[in-house]
Amino acid sequence: MSEDLLFAAACERNKQPILEVLQGVLPDSGLVLEIGSGTGQHVVHFSGHLPLLRWQPSEQAGNLPGLQKRLDLQAGTNVLPAIVLDVSASWPNIVCQAIMSANTAHIMSWQEVICMFRGASELLEPDGVFCLYGPFNENGQFTAPSNQQFDQNLKARNPLMGLRDVSELEKLAQSLHLKLEQKIRMPANNQILIFRQDA
């Protein structure tokens with residue numbers, strides 16, 4: 001029944017390590033917005049293990065049908081219907097206790113990254129958390145040869161894509177009243193950056 005669902009092998013590999021971090025940083029209850037829910041594998045997994053949180057998946061309009069198909073089949077009652085979210089356009093009128101996004105910053109332009117952080121800052125309640133997962137550079141350097149190759153592949157597809165530097169993201173966050181609270185090393189040369197909204 002589920003063989004025709006969209007599937008990402010990377011999501012399957014990283015969903016449990018990401019969940020283990022989220023269990024330590026997300027609030028006990030409230031609303032979590034996921035920016036760029038993709039195939040829906042992450043939100044289905046996270047919501048099943050964090051049932052006291054309500055989850056709001058989102059995607060660009062063209063990707064919404066495939067996402068919603070998985071949610072209809074596999075998501076629990078604490079997962080809301082997916083909504084359209086283009087970070088450069090209008091954002092939903094909601095208040096979030098947390099925001100999660102995985103593997104998005106490097107496929108956005110820098111201007112879109114700015115829009116994502118600005119939107120997150122506006123939707124988060126005071127002391128809310130924004131968890132951003134993916135491969136990142138540090139101090140202008142790649143953290144692994146595989147990340148450098150990935151960056152080259154991204155830029156070959158679209159010069160506006162590419163790995164973002166943690167220091168640049170931290171500077172952007174600070175300008176929007178978000179503080180980089182933790183940098184957590186993850187498998188396969190990835191990290192989770194935990195930003196917290198000013199109280």
# chains A, B, ... in the order shown; residues from 1 in each chain; ligands from 1
call {"tool": "select_by_dssp", "arguments": {"residues": "region 60-147 of chain A", "states": "strand (DSSP E or B)", "output": "list in words"}}
result
Val79, Ile83, Val84, Cys96, Gln97, Ala98, Ile99, Met100, Ser101, Ala102, Leu124, Glu125, Pro126, Asp127, Gly128, Val129, Phe130, Cys131, Leu132, Tyr133, Gly134, Phe136, Asn137, Glu138 and Gln141 of chain A
call {"tool": "residues_around", "arguments": {"residues": "Cys96 (chain A)", "least_positions_apart": "3", "cutoff": "10 Å", "atoms": "only C-alpha atoms", "output": "ChimeraX atom specification"}}
result
/A:30-33,54-56,93,99,120-126,128-130
call {"tool": "select_by_dssp", "arguments": {"residues": "chain A", "states": "alpha helix (DSSP H)", "output": "JSON, numbers by chain"}}
result
{"A": [9, 10, 11, 12, 13, 14, 15, 16, 17, 18, 19, 20, 21, 22, 23, 24, 25, 41, 42, 43, 44, 45, 46, 47, 48, 49, 64, 65, 66, 67, 68, 69, 70, 71, 72, 73, 74, 110, 111, 112, 113, 114, 115, 116, 117, 118, 119, 120, 121, 122, 123, 145, 146, 147, 148, 149, 150, 151, 152, 153, 154, 155, 156, 157, 166, 167, 168, 169, 170, 171, 172, 173, 174, 175]}
call {"tool": "atom_distance", "arguments": {"atom1": "CA of Arg196 (chain A)", "atom2": "CA of Gly24 (chain A)"}}
result
13.8 Å
call {"tool": "closest_residue", "arguments": {"among": "A:Ser88, A:Gln141, A:Gln41, A:Asn78", "to": "Lys15 (chain A)", "atoms": "only C-alpha atoms"}}
result
A:Gln41
call {"tool": "residues_around", "arguments": {"residues": "region 103-105 of chain A", "least_positions_apart": "3", "cutoff": "8 Å", "atoms": "only C-alpha atoms", "output": "mmCIF file with N, CA and C atoms, in the first residue's frame"}}
result
data_model
loop_
_atom_site.group_PDB
_atom_site.id
_atom_site.type_symbol
_atom_site.label_atom_id
_atom_site.label_comp_id
_atom_site.auth_asym_id
_atom_site.auth_seq_id
_atom_site.Cartn_x
_atom_site.Cartn_y
_atom_site.Cartn_z
ATOM 1 N N GLY A 36 9.698 22.534 5.255
ATOM 2 C CA GLY A 36 10.256 21.644 4.238
ATOM 3 C C GLY A 36 10.154 20.185 4.641
ATOM 4 N N MET A 108 18.495 26.277 -0.514
ATOM 5 C CA MET A 108 17.918 27.611 -0.661
ATOM 6 C C MET A 108 19.003 28.589 -1.101
ATOM 7 N N SER A 109 18.582 29.696 -1.691
ATOM 8 C CA SER A 109 19.507 30.813 -1.878
ATOM 9 C C SER A 109 19.742 31.460 -0.512
ATOM 10 N N VAL A 113 17.336 31.786 2.833
ATOM 11 C CA VAL A 113 17.750 31.444 4.202
ATOM 12 C C VAL A 113 17.402 32.590 5.144
ATOM 13 N N LEU A 132 17.844 23.400 13.297
ATOM 14 C CA LEU A 132 18.204 23.344 11.887
ATOM 15 C C LEU A 132 19.248 22.262 11.678
ATOM 16 N N TYR A 133 18.890 21.250 10.884
ATOM 17 C CA TYR A 133 19.771 20.100 10.637
ATOM 18 C C TYR A 133 20.339 20.151 9.230
ATOM 19 N N GLY A 134 21.580 19.734 9.099
ATOM 20 C CA GLY A 134 22.173 19.626 7.772
ATOM 21 C C GLY A 134 23.687 19.678 7.837
ATOM 22 N N PRO A 135 24.335 19.712 6.661
ATOM 23 C CA PRO A 135 25.785 19.903 6.612
ATOM 24 C C PRO A 135 26.100 21.403 6.604
ATOM 25 N N LEU A 163 26.493 24.959 0.848
ATOM 26 C CA LEU A 163 26.543 24.820 2.295
ATOM 27 C C LEU A 163 26.720 26.185 2.952
ATOM 28 N N ARG A 164 26.024 26.401 4.061
ATOM 29 C CA ARG A 164 26.077 27.666 4.792
ATOM 30 C C ARG A 164 27.054 27.552 5.957
#
call {"tool": "closest_residue", "arguments": {"among": "A:Cys115, A:Leu64, A:Ala75, A:Val25", "to": "His45 (chain A)", "atoms": "only C-alpha atoms"}}
result
A:Ala75
call {"tool": "atom_distance", "arguments": {"atom1": "CA of Leu19 (chain A)", "atom2": "CA of Ser37 (chain A)"}}
result
14.5 Å
call {"tool": "atom_distance", "arguments": {"atom1": "CA of Ile35 (chain A)", "atom2": "CA of Val87 (chain A)"}}
result
8.4 Å
call {"tool": "closest_residue", "arguments": {"among": "A:Ala89, A:Leu80, A:Leu5, A:Leu154", "to": "Pro65 (chain A)", "atoms": "only C-alpha atoms"}}
result
A:Leu5
call {"tool": "residues_around", "arguments": {"residues": "Leu176 (chain A)", "least_positions_apart": "2", "cutoff": "8 Å", "atoms": "only C-alpha atoms", "output": "PyMOL selection string"}}
result
chain A and resi 117-118+121+172-174+178
call {"tool": "write_last_selection", "arguments": {"atoms": "N, CA and C atoms", "output": "mmCIF file, in the first residue's frame"}}
result
data_model
loop_
_atom_site.group_PDB
_atom_site.id
_atom_site.type_symbol
_atom_site.label_atom_id
_atom_site.label_comp_id
_atom_site.auth_asym_id
_atom_site.auth_seq_id
_atom_site.Cartn_x
_atom_site.Cartn_y
_atom_site.Cartn_z
ATOM 1 N N PHE A 117 14.869 32.360 8.447
ATOM 2 C CA PHE A 117 15.182 32.781 9.812
ATOM 3 C C PHE A 117 14.253 33.895 10.277
ATOM 4 N N ARG A 118 13.949 34.827 9.380
ATOM 5 C CA ARG A 118 13.046 35.915 9.748
ATOM 6 C C ARG A 118 11.659 35.365 10.087
ATOM 7 N N SER A 121 11.708 33.555 13.421
ATOM 8 C CA SER A 121 11.750 34.502 14.534
ATOM 9 C C SER A 121 10.376 35.106 14.805
ATOM 10 N N LEU A 172 23.275 36.065 11.414
ATOM 11 C CA LEU A 172 21.915 36.324 10.947
ATOM 12 C C LEU A 172 20.920 36.138 12.075
ATOM 13 N N ALA A 173 21.054 35.035 12.814
ATOM 14 C CA ALA A 173 20.137 34.739 13.911
ATOM 15 C C ALA A 173 20.154 35.844 14.956
ATOM 16 N N GLN A 174 21.341 36.302 15.322
ATOM 17 C CA GLN A 174 21.464 37.343 16.340
ATOM 18 C C GLN A 174 20.726 38.618 15.939
ATOM 19 N N LEU A 178 17.552 35.669 17.793
ATOM 20 C CA LEU A 178 17.708 34.231 17.989
ATOM 21 C C LEU A 178 19.157 33.965 18.392
#
call {"tool": "residues_around", "arguments": {"residues": "Glu170 (chain A)", "least_positions_apart": "5", "cutoff": "10 Å", "atoms": "only C-alpha atoms", "output": "PyMOL selection string"}}
result
chain A and resi 165+175-176+178-181+193+195
call {"tool": "write_last_selection", "arguments": {"atoms": "N, CA and C atoms", "output": "PDB file, in the first residue's frame"}}
result
ATOM      1  N   ASP A 165      27.666  28.668   6.280  1.00  0.00           N
ATOM      2  CA  ASP A 165      28.644  28.693   7.361  1.00  0.00           C
ATOM      3  C   ASP A 165      27.943  28.983   8.689  1.00  0.00           C
ATOM      4  N   SER A 175      20.750  38.926  14.640  1.00  0.00           N
ATOM      5  CA  SER A 175      20.063  40.129  14.169  1.00  0.00           C
ATOM      6  C   SER A 175      18.552  40.011  14.287  1.00  0.00           C
ATOM      7  N   LEU A 176      18.067  38.778  14.490  1.00  0.00           N
ATOM      8  CA  LEU A 176      16.634  38.519  14.579  1.00  0.00           C
ATOM      9  C   LEU A 176      16.228  38.017  15.967  1.00  0.00           C
ATOM     10  N   LEU A 178      17.552  35.669  17.793  1.00  0.00           N
ATOM     11  CA  LEU A 178      17.708  34.231  17.989  1.00  0.00           C
ATOM     12  C   LEU A 178      19.157  33.965  18.392  1.00  0.00           C
ATOM     13  N   LYS A 179      19.348  33.196  19.438  1.00  0.00           N
ATOM     14  CA  LYS A 179      20.693  32.907  19.927  1.00  0.00           C
ATOM     15  C   LYS A 179      21.068  31.466  19.604  1.00  0.00           C
ATOM     16  N   LEU A 180      22.268  31.279  19.032  1.00  0.00           N
ATOM     17  CA  LEU A 180      22.759  29.920  18.791  1.00  0.00           C
ATOM     18  C   LEU A 180      23.147  29.311  20.136  1.00  0.00           C
ATOM     19  N   GLU A 181      22.372  28.345  20.563  1.00  0.00           N
ATOM     20  CA  GLU A 181      22.527  27.769  21.902  1.00  0.00           C
ATOM     21  C   GLU A 181      23.404  26.526  21.898  1.00  0.00           C
ATOM     22  N   LEU A 193      21.881  22.632  14.586  1.00  0.00           N
ATOM     23  CA  LEU A 193      22.068  23.925  15.233  1.00  0.00           C
ATOM     24  C   LEU A 193      20.794  24.267  15.993  1.00  0.00           C
ATOM     25  N   PHE A 195      18.825  27.086  17.873  1.00  0.00           N
ATOM     26  CA  PHE A 195      18.671  28.515  18.121  1.00  0.00           C
ATOM     27  C   PHE A 195      17.493  28.717  19.070  1.00  0.00           C
TER      28      PHE A 195
END
call {"tool": "residues_around", "arguments": {"residues": "Leu6 (chain A)", "least_positions_apart": "6", "cutoff": "12 Å", "atoms": "only C-alpha atoms", "output": "list of chain:residue names"}}
result
A:Glu12, A:Ser37, A:Gly38, A:Thr39, A:Gly40, A:Gln41, A:Asn63, A:Leu64, A:Pro65, A:Gly66, A:Leu67, A:Gln68, A:Lys69, A:Arg70, A:Leu71
call {"tool": "write_last_selection", "arguments": {"atoms": "N, CA and C atoms", "output": "PDB file, in the first residue's frame"}}
result
ATOM      1  N   GLU A  12      15.588   8.150   6.093  1.00  0.00           N
ATOM      2  CA  GLU A  12      15.467   6.898   6.829  1.00  0.00           C
ATOM      3  C   GLU A  12      16.684   6.682   7.731  1.00  0.00           C
ATOM      4  N   SER A  37       8.931  19.702   4.802  1.00  0.00           N
ATOM      5  CA  SER A  37       8.720  18.337   5.318  1.00  0.00           C
ATOM      6  C   SER A  37       9.068  17.247   4.315  1.00  0.00           C
ATOM      7  N   GLY A  38       9.228  17.603   3.040  1.00  0.00           N
ATOM      8  CA  GLY A  38       9.697  16.630   2.050  1.00  0.00           C
ATOM      9  C   GLY A  38       8.786  15.429   1.906  1.00  0.00           C
ATOM     10  N   THR A  39       9.359  14.247   2.128  1.00  0.00           N
ATOM     11  CA  THR A  39       8.606  12.996   1.969  1.00  0.00           C
ATOM     12  C   THR A  39       7.677  12.713   3.142  1.00  0.00           C
ATOM     13  N   GLY A  40       7.857  13.427   4.245  1.00  0.00           N
ATOM     14  CA  GLY A  40       7.047  13.186   5.433  1.00  0.00           C
ATOM     15  C   GLY A  40       7.608  12.130   6.369  1.00  0.00           C
ATOM     16  N   GLN A  41       8.732  11.495   5.994  1.00  0.00           N
ATOM     17  CA  GLN A  41       9.300  10.437   6.841  1.00  0.00           C
ATOM     18  C   GLN A  41       9.710  10.973   8.214  1.00  0.00           C
ATOM     19  N   ASN A  63       5.043  20.158  -3.963  1.00  0.00           N
ATOM     20  CA  ASN A  63       5.448  18.957  -3.227  1.00  0.00           C
ATOM     21  C   ASN A  63       4.411  18.499  -2.207  1.00  0.00           C
ATOM     22  N   LEU A  64       3.336  19.263  -2.083  1.00  0.00           N
ATOM     23  CA  LEU A  64       2.362  18.973  -1.033  1.00  0.00           C
ATOM     24  C   LEU A  64       1.605  17.651  -1.231  1.00  0.00           C
ATOM     25  N   PRO A  65       1.176  17.304  -2.467  1.00  0.00           N
ATOM     26  CA  PRO A  65       0.397  16.063  -2.611  1.00  0.00           C
ATOM     27  C   PRO A  65       1.145  14.811  -2.156  1.00  0.00           C
ATOM     28  N   GLY A  66       2.414  14.683  -2.517  1.00  0.00           N
ATOM     29  CA  GLY A  66       3.179  13.506  -2.115  1.00  0.00           C
ATOM     30  C   GLY A  66       3.364  13.440  -0.607  1.00  0.00           C
ATOM     31  N   LEU A  67       3.599  14.597   0.009  1.00  0.00           N
ATOM     32  CA  LEU A  67       3.730  14.665   1.457  1.00  0.00           C
ATOM     33  C   LEU A  67       2.433  14.265   2.140  1.00  0.00           C
ATOM     34  N   GLN A  68       1.326  14.841   1.698  1.00  0.00           N
ATOM     35  CA  GLN A  68       0.050  14.566   2.346  1.00  0.00           C
ATOM     36  C   GLN A  68      -0.360  13.104   2.185  1.00  0.00           C
ATOM     37  N   LYS A  69       0.048  12.489   1.102  1.00  0.00           N
ATOM     38  CA  LYS A  69      -0.283  11.075   0.885  1.00  0.00           C
ATOM     39  C   LYS A  69       0.315  10.214   2.000  1.00  0.00           C
ATOM     40  N   ARG A  70       1.583  10.488   2.354  1.00  0.00           N
ATOM     41  CA  ARG A  70       2.188   9.729   3.453  1.00  0.00           C
ATOM     42  C   ARG A  70       1.496  10.039   4.779  1.00  0.00           C
ATOM     43  N   LEU A  71       1.198  11.309   4.996  1.00  0.00           N
ATOM     44  CA  LEU A  71       0.550  11.678   6.250  1.00  0.00           C
ATOM     45  C   LEU A  71      -0.801  10.986   6.395  1.00  0.00           C
TER      46      LEU A  71
END
